[in-house]
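Asker: You'll find structure10.cif just under this line, and it carries mmCIF, C-alpha atoms.
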```cif
data_model
loop_
_atom_site.label_atom_id
_atom_site.label_comp_id
_atom_site.auth_asym_id
_atom_site.auth_seq_id
_atom_site.Cartn_x
_atom_site.Cartn_y
_atom_site.Cartn_z
CA MET A 1 33.68 15.16 15.80
CA LYS A 2 33.05 18.89 15.83
CA ARG A 3 29.55 19.64 17.07
CA THR A 4 28.24 21.71 14.18
CA HIS A 5 24.65 22.39 13.15
CA GLU A 6 24.98 19.51 10.68
CA TYR A 7 26.19 17.19 13.44
CA PHE A 8 23.11 17.85 15.57
CA MET A 9 20.72 17.66 12.61
CA ASN A 10 22.17 14.27 11.74
CA LEU A 11 21.45 13.13 15.30
CA ALA A 12 17.90 14.47 15.00
CA MET A 13 17.46 12.54 11.74
CA GLN A 14 18.62 9.31 13.41
CA LEU A 15 16.09 9.96 16.16
CA ALA A 16 13.36 10.48 13.56
CA LEU A 17 14.12 7.10 11.98
CA LYS A 18 13.16 5.36 15.21
CA GLY A 19 9.56 6.01 14.21
CA LYS A 20 9.91 4.31 10.81
CA GLY A 21 6.83 2.32 9.89
CA GLU A 22 4.79 3.70 12.80
CA THR A 23 4.14 7.39 12.06
CA LEU A 24 2.24 7.30 8.75
CA PRO A 25 0.22 9.14 7.59
CA ASN A 26 2.34 11.58 9.64
CA PRO A 27 6.01 12.22 8.85
CA MET A 28 9.02 10.94 10.77
CA VAL A 29 10.38 13.81 12.87
CA GLY A 30 13.26 14.10 15.33
CA SER A 31 14.23 17.03 17.57
CA LEU A 32 17.03 18.07 19.92
CA VAL A 33 17.35 20.90 22.45
CA VAL A 34 20.98 22.03 22.63
CA LYS A 35 22.76 24.67 24.70
CA ARG A 36 26.49 25.37 24.56
CA GLY A 37 27.08 22.09 22.71
CA ARG A 38 25.24 20.00 25.28
CA ILE A 39 22.07 18.07 24.44
CA LEU A 40 19.38 18.85 27.02
CA GLY A 41 16.39 17.14 25.41
CA ARG A 42 15.67 14.54 22.75
CA GLY A 43 12.42 13.59 21.07
CA PHE A 44 10.97 11.77 18.09
CA HIS A 45 7.44 11.24 16.80
CA LYS A 46 6.62 7.67 17.77
CA LYS A 47 3.21 7.14 16.23
CA ALA A 48 0.39 9.07 14.57
CA GLY A 49 -1.75 10.69 17.26
CA THR A 50 1.03 10.83 19.87
CA ALA A 51 3.15 13.80 21.00
CA HIS A 52 5.33 15.52 18.41
CA ALA A 53 9.11 15.39 18.54
CA GLU A 54 9.58 19.08 19.44
CA THR A 55 7.24 18.87 22.42
CA ILE A 56 8.93 15.75 23.77
CA ALA A 57 12.40 17.31 23.49
CA LEU A 58 11.29 20.59 25.11
CA ASP A 59 9.51 18.77 27.94
CA GLN A 60 12.67 16.79 28.61
CA ALA A 61 14.80 19.94 28.67
CA GLY A 62 12.31 21.84 30.85
CA GLU A 63 13.38 25.31 32.02
CA ARG A 64 16.84 24.74 30.57
CA SER A 65 15.29 25.39 27.12
CA GLN A 66 15.51 29.15 27.81
CA GLY A 67 18.13 30.55 25.43
CA ALA A 68 18.83 27.16 23.83
CA THR A 69 18.76 26.04 20.19
CA LEU A 70 16.10 23.63 18.96
CA TYR A 71 16.97 21.33 16.07
CA THR A 72 14.01 19.78 14.28
CA THR A 73 14.02 17.77 11.06
CA LEU A 74 10.67 19.22 9.92
CA GLU A 75 9.11 22.67 10.20
CA PRO A 76 7.03 22.85 13.42
CA CYS A 77 3.27 22.58 12.93
CA THR A 78 0.84 25.45 13.41
CA HIS A 79 -2.50 23.63 13.40
CA PHE A 80 -4.57 21.73 15.92
CA GLY A 81 -4.89 18.03 15.15
CA LYS A 82 -4.70 15.26 17.72
CA THR A 83 -2.07 17.43 19.40
CA GLY A 84 -1.66 21.20 19.75
CA PRO A 85 0.53 23.44 17.56
CA CYS A 86 4.25 22.92 18.16
CA VAL A 87 5.05 26.57 17.37
CA ASP A 88 3.11 27.72 20.46
CA ARG A 89 5.09 25.35 22.66
CA ILE A 90 8.38 26.49 21.11
CA VAL A 91 7.65 30.20 21.60
CA LYS A 92 6.68 29.62 25.26
CA SER A 93 9.84 27.57 25.88
CA GLY A 94 12.13 30.57 25.38
CA VAL A 95 14.49 28.95 22.86
CA LYS A 96 16.46 31.61 20.99
CA GLU A 97 16.97 29.74 17.72
CA VAL A 98 15.32 26.96 15.72
CA ILE A 99 17.28 25.03 13.08
CA VAL A 100 14.78 23.43 10.65
CA GLY A 101 15.77 20.61 8.32
CA MET A 102 13.01 20.98 5.76
CA ILE A 103 9.85 23.02 5.24
CA ASP A 104 6.64 21.08 5.90
CA PRO A 105 5.12 20.12 2.50
CA ASN A 106 1.66 19.90 4.09
CA PRO A 107 -0.33 22.77 2.47
CA ILE A 108 -1.99 23.68 5.78
CA ASN A 109 1.41 24.46 7.32
CA ASN A 110 3.99 24.97 4.54
CA GLY A 111 6.02 27.97 5.79
CA ARG A 112 3.52 29.20 8.35
CA GLY A 113 5.43 27.69 11.26
CA ILE A 114 8.62 29.46 10.25
CA ASN A 115 6.81 32.79 9.82
CA ILE A 116 5.18 32.56 13.26
CA LEU A 117 8.52 31.82 14.92
CA LYS A 118 10.14 34.80 13.21
CA GLN A 119 7.23 37.04 14.20
CA ASN A 120 7.92 36.03 17.80
CA LYS A 121 11.60 37.05 17.53
CA VAL A 122 12.89 33.48 17.32
CA LYS A 123 15.87 33.14 14.98
CA VAL A 124 15.24 30.49 12.29
CA LYS A 125 17.56 28.69 9.89
CA VAL A 126 16.00 26.43 7.23
CA GLY A 127 17.22 23.77 4.81
CA LEU A 128 19.91 21.84 6.69
CA LEU A 129 20.16 18.30 5.22
CA ASP A 130 17.02 19.05 3.20
CA GLY A 131 17.76 16.43 0.52
CA GLU A 132 18.39 13.60 2.99
CA LEU A 133 15.30 14.49 4.99
CA ARG A 134 13.09 14.62 1.90
CA ARG A 135 14.25 11.14 0.96
CA MET A 136 13.55 9.93 4.49
CA ASN A 137 9.97 11.26 4.33
CA GLU A 138 9.35 10.52 0.63
CA VAL A 139 6.15 8.59 1.38
CA PHE A 140 4.66 11.39 3.49
CA ILE A 141 5.59 14.03 0.90
CA LYS A 142 3.91 12.18 -2.00
CA TYR A 143 0.82 11.36 0.05
CA ILE A 144 0.29 14.85 1.47
CA THR A 145 0.99 16.80 -1.75
CA LYS A 146 -0.39 14.50 -4.48
CA LYS A 147 -3.10 12.72 -2.48
CA MET A 148 -1.78 9.42 -3.85
CA PRO A 149 0.28 6.57 -2.37
CA PHE A 150 4.04 6.41 -2.92
CA LEU A 151 4.37 3.57 -5.45
CA THR A 152 7.26 1.10 -5.52
CA VAL A 153 7.51 -1.57 -8.22
CA LYS A 154 9.24 -4.77 -7.16
CA VAL A 155 10.26 -7.36 -9.73
CA ALA A 156 12.05 -10.71 -9.54
CA GLU A 157 13.30 -11.50 -13.04
CA SER A 158 15.81 -13.51 -15.01
CA LEU A 159 18.84 -11.96 -16.66
CA ASP A 160 16.86 -11.64 -19.88
CA GLY A 161 13.97 -9.84 -18.17
CA LYS A 162 11.47 -12.69 -17.79
CA ILE A 163 9.24 -13.24 -14.76
CA ALA A 164 7.87 -16.61 -15.93
CA THR A 165 8.47 -19.22 -18.63
CA ARG A 166 6.20 -19.57 -21.66
CA SER A 167 4.16 -22.13 -19.67
CA GLY A 168 3.68 -19.62 -16.83
CA ASP A 169 6.06 -21.29 -14.35
CA SER A 170 7.68 -18.68 -12.09
CA LYS A 171 8.63 -20.39 -8.79
CA TRP A 172 11.25 -19.48 -8.02
CA ILE A 173 13.35 -17.34 -10.32
CA THR A 174 15.39 -15.76 -7.53
CA SER A 175 17.06 -17.34 -4.50
CA ASP A 176 15.76 -17.99 -0.97
CA LYS A 177 17.82 -15.04 0.29
CA ALA A 178 16.07 -12.72 -2.18
CA LEU A 179 12.70 -14.14 -1.12
CA ASN A 180 13.46 -13.51 2.56
CA PHE A 181 14.63 -9.99 1.74
CA SER A 182 11.34 -9.36 -0.08
CA HIS A 183 9.30 -10.43 2.93
CA ARG A 184 11.26 -8.08 5.18
CA MET A 185 10.57 -5.34 2.64
CA ARG A 186 6.82 -5.99 2.64
CA GLN A 187 6.45 -5.03 6.28
CA ASN A 188 7.31 -1.41 5.40
CA TYR A 189 4.26 -0.97 3.14
CA ASP A 190 0.59 -0.27 3.79
CA ALA A 191 -0.43 -2.38 0.81
CA ILE A 192 0.83 -4.94 -1.71
CA MET A 193 -0.68 -4.78 -5.20
CA VAL A 194 -0.94 -7.32 -8.01
CA GLY A 195 -2.98 -7.68 -11.17
CA VAL A 196 -5.61 -10.38 -11.40
CA ASN A 197 -3.52 -12.33 -13.93
CA THR A 198 -0.89 -12.82 -11.25
CA VAL A 199 -3.58 -14.21 -8.94
CA LEU A 200 -4.85 -16.56 -11.67
CA ARG A 201 -1.36 -17.71 -12.63
CA ASP A 202 0.51 -17.87 -9.29
CA ASN A 203 -2.30 -17.84 -6.68
CA PRO A 204 -0.12 -15.92 -4.15
CA ARG A 205 -0.96 -15.29 -0.49
CA LEU A 206 0.96 -11.99 -0.34
CA LYS A 207 1.78 -12.36 3.33
CA ALA A 208 4.56 -10.45 5.06
CA TRP A 209 6.19 -13.02 7.32
CA LEU A 210 7.73 -10.58 9.80
CA ALA A 211 5.12 -7.79 9.86
CA LYS A 212 3.34 -6.82 13.09
CA LYS A 213 0.38 -5.82 10.95
CA GLN A 214 -0.22 -7.47 7.59
CA PRO A 215 -0.31 -5.11 4.58
CA ILE A 216 -3.60 -4.68 2.74
CA LYS A 217 -3.77 -6.87 -0.38
CA VAL A 218 -4.88 -4.97 -3.48
CA VAL A 219 -5.91 -6.80 -6.68
CA VAL A 220 -6.55 -4.87 -9.91
CA ASP A 221 -9.34 -6.80 -11.62
CA SER A 222 -11.39 -4.82 -14.15
CA GLU A 223 -13.73 -7.73 -15.00
CA LEU A 224 -13.98 -9.09 -11.45
CA SER A 225 -12.75 -12.51 -12.52
CA ILE A 226 -10.92 -13.39 -9.31
CA PRO A 227 -11.87 -16.89 -8.01
CA GLU A 228 -13.68 -16.93 -4.67
CA ASN A 229 -11.23 -19.55 -3.34
CA ALA A 230 -8.06 -17.63 -4.27
CA ASN A 231 -5.26 -17.71 -1.67
CA ILE A 232 -5.35 -13.91 -1.60
CA PHE A 233 -8.38 -14.23 0.71
CA SER A 234 -6.51 -16.37 3.26
CA GLY A 235 -5.13 -14.96 6.52
CA ASN A 236 -6.31 -12.00 8.57
CA SER A 237 -5.30 -9.10 6.31
CA SER A 238 -7.76 -6.89 4.47
CA VAL A 239 -8.30 -7.31 0.73
CA ILE A 240 -9.32 -4.62 -1.76
CA ILE A 241 -10.45 -5.59 -5.25
CA VAL A 242 -10.19 -2.66 -7.67
CA THR A 243 -12.70 -2.98 -10.49
CA LEU A 244 -15.06 -1.08 -12.76
CA HIS A 245 -18.71 -0.23 -12.15
CA SER A 246 -21.26 -2.97 -11.56
CA GLY A 247 -21.76 -5.30 -14.47
CA THR A 248 -24.45 -7.80 -15.33
CA GLY A 249 -24.96 -11.56 -15.32
CA GLN A 250 -22.06 -13.69 -14.09
CA GLU A 251 -20.00 -10.64 -13.07
CA THR A 252 -22.82 -9.40 -10.82
CA GLU A 253 -23.12 -12.82 -9.20
CA ASN A 254 -19.36 -13.01 -8.62
CA ARG A 255 -19.39 -9.47 -7.22
CA GLY A 256 -21.76 -10.52 -4.44
CA ILE A 257 -19.56 -13.49 -3.52
CA VAL A 258 -16.31 -11.48 -3.58
CA ALA A 259 -17.89 -8.66 -1.56
CA GLN A 260 -18.26 -11.06 1.36
CA ARG A 261 -14.49 -11.54 1.52
CA ALA A 262 -13.09 -8.20 0.32
CA LYS A 263 -13.82 -4.53 -0.17
CA ILE A 264 -14.76 -3.80 -3.76
CA LEU A 265 -13.39 -0.46 -4.87
CA GLU A 266 -15.03 0.84 -8.03
CA VAL A 267 -13.03 3.26 -10.16
CA LYS A 268 -13.37 5.07 -13.46
CA GLU A 269 -12.75 3.36 -16.77
CA LYS A 270 -10.01 4.09 -19.29
CA ALA A 271 -10.01 2.22 -22.61
CA GLY A 272 -12.03 -0.59 -21.06
CA GLN A 273 -9.61 -1.04 -18.16
CA VAL A 274 -9.21 0.35 -14.65
CA ASN A 275 -8.25 4.02 -14.68
CA LEU A 276 -5.01 3.75 -12.71
CA LYS A 277 -4.80 7.41 -11.68
CA ASP A 278 -8.34 7.29 -10.31
CA MET A 279 -7.43 4.06 -8.53
CA MET A 280 -4.42 5.67 -6.85
CA LYS A 281 -6.47 8.61 -5.59
CA LYS A 282 -9.14 6.31 -4.19
CA LEU A 283 -6.57 4.06 -2.52
CA ALA A 284 -5.17 7.17 -0.80
CA ARG A 285 -8.67 7.91 0.52
CA GLU A 286 -8.62 4.41 1.99
CA GLY A 287 -5.61 5.51 4.06
CA ILE A 288 -2.97 3.75 1.94
CA THR A 289 0.14 5.96 1.95
CA ASN A 290 2.55 3.61 0.18
CA CYS A 291 2.13 0.54 -1.98
CA LEU A 292 4.43 -2.22 -3.22
CA VAL A 293 3.48 -3.51 -6.69
CA GLU A 294 4.60 -7.11 -7.25
CA GLY A 295 3.16 -7.95 -10.67
CA GLY A 296 2.42 -8.76 -13.25
CA GLY A 297 4.09 -7.33 -16.30
CA THR A 298 0.93 -5.82 -17.78
CA LEU A 299 -0.01 -3.92 -14.61
CA ILE A 300 3.56 -2.77 -14.02
CA GLY A 301 3.94 -1.60 -17.62
CA SER A 302 0.66 0.31 -17.45
CA LEU A 303 1.72 2.03 -14.21
CA PHE A 304 4.94 3.15 -15.93
CA ASP A 305 2.94 4.31 -18.97
CA GLU A 306 0.79 6.49 -16.69
CA GLY A 307 3.81 7.97 -14.86
CA LEU A 308 2.66 6.65 -11.49
CA VAL A 309 5.79 4.78 -10.38
CA ASP A 310 8.10 6.48 -7.87
CA LYS A 311 10.67 3.80 -7.12
CA VAL A 312 11.82 0.47 -8.53
CA ILE A 313 13.39 -2.57 -6.89
CA PHE A 314 14.53 -5.24 -9.36
CA PHE A 315 15.95 -8.58 -8.25
CA VAL A 316 17.89 -10.03 -11.19
CA SER A 317 18.81 -13.72 -11.17
CA PRO A 318 21.75 -14.98 -13.27
CA LYS A 319 19.43 -17.26 -15.22
CA ILE A 320 18.30 -17.11 -18.84
CA ILE A 321 14.74 -18.24 -19.60
CA GLY A 322 14.33 -17.25 -23.24
CA GLY A 323 11.29 -17.71 -25.44
CA ARG A 324 9.32 -14.99 -27.23
CA ASP A 325 6.16 -16.08 -25.38
CA ALA A 326 7.76 -16.02 -21.93
CA ILE A 327 6.30 -13.29 -19.71
CA GLY A 328 8.29 -10.04 -19.42
CA SER A 329 8.58 -7.99 -16.25
CA VAL A 330 7.46 -4.66 -17.77
CA MET A 331 4.90 -4.70 -20.56
CA GLY A 332 2.18 -2.12 -21.23
CA LYS A 333 2.57 0.20 -24.24
CA GLY A 334 6.18 1.11 -23.57
CA ILE A 335 8.12 3.66 -25.62
CA THR A 336 8.87 4.06 -29.32
CA ARG A 337 12.31 5.70 -29.03
CA ILE A 338 15.28 4.80 -26.84
CA ASP A 339 15.84 8.46 -25.96
CA LYS A 340 12.41 8.39 -24.28
CA ALA A 341 13.38 5.51 -21.98
CA ILE A 342 12.89 6.01 -18.24
CA ARG A 343 16.25 6.79 -16.67
CA LEU A 344 16.55 5.86 -13.02
CA LYS A 345 18.16 8.17 -10.48
CA ASP A 346 20.03 7.52 -7.23
CA ILE A 347 20.75 3.93 -8.24
CA LYS A 348 21.98 1.39 -5.70
CA LEU A 349 23.27 -2.09 -6.47
CA LYS A 350 23.83 -4.90 -3.99
CA ARG A 351 24.31 -8.66 -4.00
CA ILE A 352 21.58 -10.77 -2.37
CA GLY A 353 22.77 -14.38 -2.35
CA GLU A 354 23.38 -15.28 -5.99
CA ASP A 355 21.09 -12.50 -7.22
CA PHE A 356 21.59 -8.78 -7.79
CA LEU A 357 19.32 -6.06 -6.42
CA PHE A 358 18.89 -2.85 -8.41
CA GLU A 359 17.16 -0.01 -6.60
CA GLY A 360 16.44 3.43 -8.01
CA TYR A 361 13.99 6.30 -8.39
CA VAL A 362 12.00 7.26 -11.45
#
```
Will you turn the file into structure tokens for me?

Answerer:
Amino acid sequence: MKRTHEYFMNLAMQLALKGKGETLPNPMVGSLVVKRGRILGRGFHKKAGTAHAETIALDQAGERSQGATLYTTLEPCTHFGKTGPCVDRIVKSGVKEVIVGMIDPNPINNGRGINILKQNKVKVKVGLLDGELRRMNEVFIKYITKKMPFLTVKVAESLDGKIATRSGDSKWITSDKALNFSHRMRQNYDAIMVGVNTVLRDNPRLKAWLAKKQPIKVVVDSELSIPENANIFSGNSSVIIVTLHSGTGQETENRGIVAQRAKILEVKEKAGQVNLKDMMKKLAREGITNCLVEGGGTLIGSLFDEGLVDKVIFFVSPKIIGGRDAIGSVMGKGITRIDKAIRLKDIKLKRIGEDFLFEGYV
């Protein structure tokens, strides 16, 4: 393969992906130092608080960086955090050119790194594989620009869109292979969210079987009706109960009991329910950068109504449940006209056992 700029940026992107699941709330970043087609240094950001990719690659290349080209998937930083500014290190290294994949969306940097490099007579090219790199760092981009977690809705439903029968039975609509896939998916999220009705109906544990660190469990419960012995409190993962301001009587008593087992996060009210936008902002302040919503239909529908969903993952089983009182996967207010329906983008379809997996972006 011809060693073009795109070739080396692709390699830098593959390096960046080695940090997947470890770098948040920082982005995944990969860098290469190249001279005359030969790679002299490689680096990727391994974990928040550790050395940045550019510094690692330049340290590996050493004095050979003089006159070389630096490829980096993200614009080099200009600010002091847990590490020093990468632009200073790049300028001192003597590289003649920096190929940048995408501009840093972080408002404290956003273009400043590129300007500083140019001011120091370093040639800069920007935007190589920008689309692919933005998709790779979609969680970081949403979190740093909107101050809200990247929200993925995951549903396991029948062919006719039901997540439970009219009696509430829902175990299991999809196959064991789909269930195992879901558990592997959970390990990539900071938090898993459900509505309190899902807790009352299914009593889930919301564990991630393969995760090194269990995701935070988030329950949306405006009336604080969650039972103190719910399975959600089992295990060693943190639990956040999202509710409204302090109530009186039985709710106050239950609040004290629940507070011993979970963090109670009070949010603003909207039409007697949890204000979902306020909830998202406050979850971000808790350090949650991405969240997987697993039910139920009312919560999921309301999140769509508020325009808060970024991505959807639907497992569809070739089963028909039927019944007008059976529970649907997406409820809420919904739309009044078909031409107002949410159209997914970048759709992927794959077979998981006997089920089908639809994945797309809102």

Asker: Which residue gives the smallest distance to Val239 (chain A) among A:Lys263, A:Arg343, A:Lys319, A:Lys123, with all atoms listed in the file counted?

Answerer: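 Selected residue with least distance to Val239 (chain A): A:Lys263.
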
Asker: Could you state which residues are captured by the PyMOL selection byres ((chain A and resi 13-26) around 10) in this file, as JSON, numbers by chain?

Answerer: {"A": [8, 9, 10, 11, 12, 27, 28, 29, 30, 31, 32, 42, 43, 44, 45, 46, 47, 48, 49, 50, 53, 71, 72, 73, 74, 101, 129, 132, 133, 136, 137, 139, 140, 141, 143, 144, 187, 188, 189, 190, 287, 288, 289, 290]}

Asker: May I have the residues within 9 Å of Ser158 (chain A) as a PDB file with C-alpha atoms, in the frame of the given file, using all atoms listed in the file and disregarding those fewer than 5 positions away in the same chain?

Answerer:
```pdb
ATOM      1  CA  ILE A 163       9.240 -13.240 -14.760  1.00  0.00           C
ATOM      2  CA  ALA A 164       7.870 -16.610 -15.930  1.00  0.00           C
ATOM      3  CA  ILE A 173      13.350 -17.340 -10.320  1.00  0.00           C
ATOM      4  CA  THR A 174      15.390 -15.760  -7.530  1.00  0.00           C
ATOM      5  CA  PHE A 315      15.950  -8.580  -8.250  1.00  0.00           C
ATOM      6  CA  VAL A 316      17.890 -10.030 -11.190  1.00  0.00           C
ATOM      7  CA  SER A 317      18.810 -13.720 -11.170  1.00  0.00           C
ATOM      8  CA  PRO A 318      21.750 -14.980 -13.270  1.00  0.00           C
ATOM      9  CA  LYS A 319      19.430 -17.260 -15.220  1.00  0.00           C
ATOM     10  CA  ILE A 320      18.300 -17.110 -18.840  1.00  0.00           C
ATOM     11  CA  ILE A 321      14.740 -18.240 -19.600  1.00  0.00           C
TER      12      ILE A 321
END
```

Asker: Between A:Arg186, A:Arg112, A:Lys212, A:Lys270, which has the minimum distance to Cys86 (chain A) (counting all atoms listed in the file)?

Answerer: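 Using all atoms listed in the file, Cys86 (chain A) sits closest to A:Arg112.
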
Asker: Quick one: residues within 12 Å of (23.3, -1.5, -8.3) (file frame), counting all atoms listed in the file, please, as number ranges by chain.

Answerer: A: 312-316, 344-352, 355-360

Asker: Name the residues in contact with Lys162 (chain A) at a cut-off of 7 Å, using only C-alpha atoms, excluding same-chain residues fewer than 4 positions from it; report them as number ranges by chain.

Answerer: A: 157-158, 321, 326-329

Asker: How would you write, as a list in words, the residues chosen by the PyMOL selection byres ((chain A and resi 217) around 6) on this structure?

Answerer: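 So the PyMOL selection byres ((chain A and resi 217) around 6), applied here, picks out Ala191, Ile192, Ile216, Val218 and Val239 of chain A.
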
Asker: Between CA of Met185 (chain A) and CA of Gly161 (chain A), what is the distance, to one decimal in Å?

Answerer: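 It comes out at 21.6 Å.
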